[in-house]
Amino acid sequence: MDATRRELLKAGSGASILALAVAAGWIKPAHAADWNKAAFDSKAFADTVKALGGGGSTESAQVRINAPDIAENGAVVPISVESGLPRTQTIAIMVEKNPTMLSASFDIPENTDAFVTTRVKMAETSKVYALVKADGKYFHAVKEIKVTIGGCGG
Amino acid sequence: MADPMRIRANMTGDKVEVKALMAHEMETGQRKDAKGNVIPAHFIQNVTVTHNGKTVLSAQWGPSISKNPFLHFRFKGGKAGEKVTITWTDNKGEKRTDEATIAGG
């Protein structure tokens, strides 16, 4: 870490260092303090897992998605995720066929249950993934939800 | 300024059950108005829930969270009468903070 920092400091003027650091993702622009743009821009499951910091993910029965099989209104689809894995650190919800695949990523501190419910929009019938980071490793569950009326159109 | 959140925090056993409803358009940036102009994206990006100065949940959201977002979770270590505070920040930098008192179970 220190070595990289030194190289950076040698690299050039203040402005270019800052630009470099922003580009490399070491310093985030102020308006998006803690928002993982790369993860929200990802279009595929594997890319999203990578952008969220994982090398890959294993399917696990310990990750449970509680959601309807058929959503009559794609604008409001209730999705609940629960993890039975010890030391669950994050829970993310992804809708494969949405223009923005990643819907939400939750950080779960130690004294908070590995459980979260929210409502998402679904453009069309799609697989929904729940990605859990537990003890530094990534696990997921997947469920297909049929949508009768899409929730992202006009 | 956005409308206040509706927050309920209740003791269930030794845990605090939090349910929150936020007032926000959650505009995706994918839709067009009647003239065919894209309606700019406007959505909550960050949500932080604190209790006694400690974060009990933090979230990053994309535009595909439903309009007027709903959130439900549980945490340990709270007592009736204490406060739960929720803050959201959206992609235009707007912010809203509301709190609720934990009700006994």
# chains A, B, ... in the order shown; residues from 1 in each chain; ligands from 1

$ residues_around --residues "region 51-56 of chain B" --least-positions-apart "5" --cutoff "12 Å" --atoms "only C-alpha atoms" --output "PyMOL selection string"
(chain A and resi 89+106-114) or (chain B and resi 9+15-18+73-87+99-102)

$ write_last_selection --atoms "C-alpha atoms" --output "mmCIF file, in the first residue's frame"
data_model
loop_
_atom_site.group_PDB
_atom_site.id
_atom_site.type_symbol
_atom_site.label_atom_id
_atom_site.label_comp_id
_atom_site.auth_asym_id
_atom_site.auth_seq_id
_atom_site.Cartn_x
_atom_site.Cartn_y
_atom_site.Cartn_z
ATOM 1 C CA GLN A 89 -21.640 -9.181 6.512
ATOM 2 C CA PHE A 106 -27.002 -3.876 2.699
ATOM 3 C CA ASP A 107 -24.180 -3.905 5.247
ATOM 4 C CA ILE A 108 -25.126 -6.018 8.235
ATOM 5 C CA PRO A 109 -23.281 -5.132 11.468
ATOM 6 C CA GLU A 110 -22.682 -7.790 14.123
ATOM 7 C CA ASN A 111 -25.791 -7.170 16.220
ATOM 8 C CA THR A 112 -28.176 -6.968 13.284
ATOM 9 C CA ASP A 113 -30.028 -10.057 12.026
ATOM 10 C CA ALA A 114 -28.977 -11.378 8.630
ATOM 11 C CA ALA B 9 -39.598 0.408 15.891
ATOM 12 C CA LYS B 15 -34.756 -7.572 19.242
ATOM 13 C CA VAL B 16 -35.871 -4.290 17.781
ATOM 14 C CA GLU B 17 -37.999 -4.722 14.682
ATOM 15 C CA VAL B 18 -37.710 -1.685 12.391
ATOM 16 C CA PHE B 73 -34.960 -5.426 9.474
ATOM 17 C CA ARG B 74 -34.125 -6.409 13.073
ATOM 18 C CA PHE B 75 -31.273 -5.709 15.463
ATOM 19 C CA LYS B 76 -30.215 -6.629 18.984
ATOM 20 C CA GLY B 77 -29.200 -4.328 21.811
ATOM 21 C CA GLY B 78 -32.050 -1.822 21.826
ATOM 22 C CA LYS B 79 -34.514 -1.030 24.600
ATOM 23 C CA ALA B 80 -37.993 0.480 24.655
ATOM 24 C CA GLY B 81 -37.826 4.276 24.902
ATOM 25 C CA GLU B 82 -34.547 4.575 22.977
ATOM 26 C CA LYS B 83 -34.369 6.145 19.547
ATOM 27 C CA VAL B 84 -33.748 4.744 16.076
ATOM 28 C CA THR B 85 -32.594 7.282 13.469
ATOM 29 C CA ILE B 86 -32.736 6.838 9.702
ATOM 30 C CA THR B 87 -30.995 9.068 7.157
ATOM 31 C CA GLU B 99 -36.272 9.186 14.131
ATOM 32 C CA ALA B 100 -38.661 6.971 16.032
ATOM 33 C CA THR B 101 -38.865 5.855 19.642
ATOM 34 C CA ILE B 102 -38.673 2.113 20.251
#

$ interface_residues --of "chain B" --to "chain A" --cutoff "7 Å" --atoms "only C-alpha atoms" --output "list in words"
Arg31, Lys32, Gln45, Val56, Leu57, Ser58, Ala59, Gln60, Trp61, Gly62, Ser64, Ile65, Ser66, Pro69, Phe70, Leu71, His72, Phe73, Arg74, Phe75, Lys76 and Gly93 of chain B

$ closest_residue --among "A:Ile70, A:Lys146, A:Ala134, A:Gly56" --to "Ser83 (chain A)" --atoms "only C-alpha atoms"
A:Ala134

$ select_by_dssp --residues "chain B" --states "strand (DSSP E or B)" --output "PyMOL selection string"
chain B and resi 6-12+15-21+27+32+38+42+44-51+54-61+65+70-76+83-90+95-101+103

$ residues_around --residues "Asp69 (chain A)" --least-positions-apart "2" --cutoff "8 Å" --atoms "only C-alpha atoms" --output "compact mmCIF listing (two decimals) with N, CA and C atoms, in the first residue's frame"
# COMPACT_ATOMS: atom_id res chain seq x y z
N ALA A 67 -40.12 -14.34 -1.63
CA ALA A 67 -40.75 -13.41 -2.57
C ALA A 67 -41.86 -14.15 -3.29
N ALA A 71 -45.51 -11.86 -9.63
CA ALA A 71 -45.76 -10.49 -9.19
C ALA A 71 -46.75 -9.86 -10.16
N GLU A 144 -36.82 -17.44 -9.63
CA GLU A 144 -37.45 -16.75 -10.75
C GLU A 144 -38.80 -16.17 -10.32
N ILE A 145 -39.01 -14.91 -10.67
CA ILE A 145 -40.29 -14.26 -10.36
C ILE A 145 -40.93 -13.84 -11.68
N LYS A 146 -42.17 -14.31 -11.86
CA LYS A 146 -42.89 -13.95 -13.08
C LYS A 146 -43.59 -12.62 -12.87
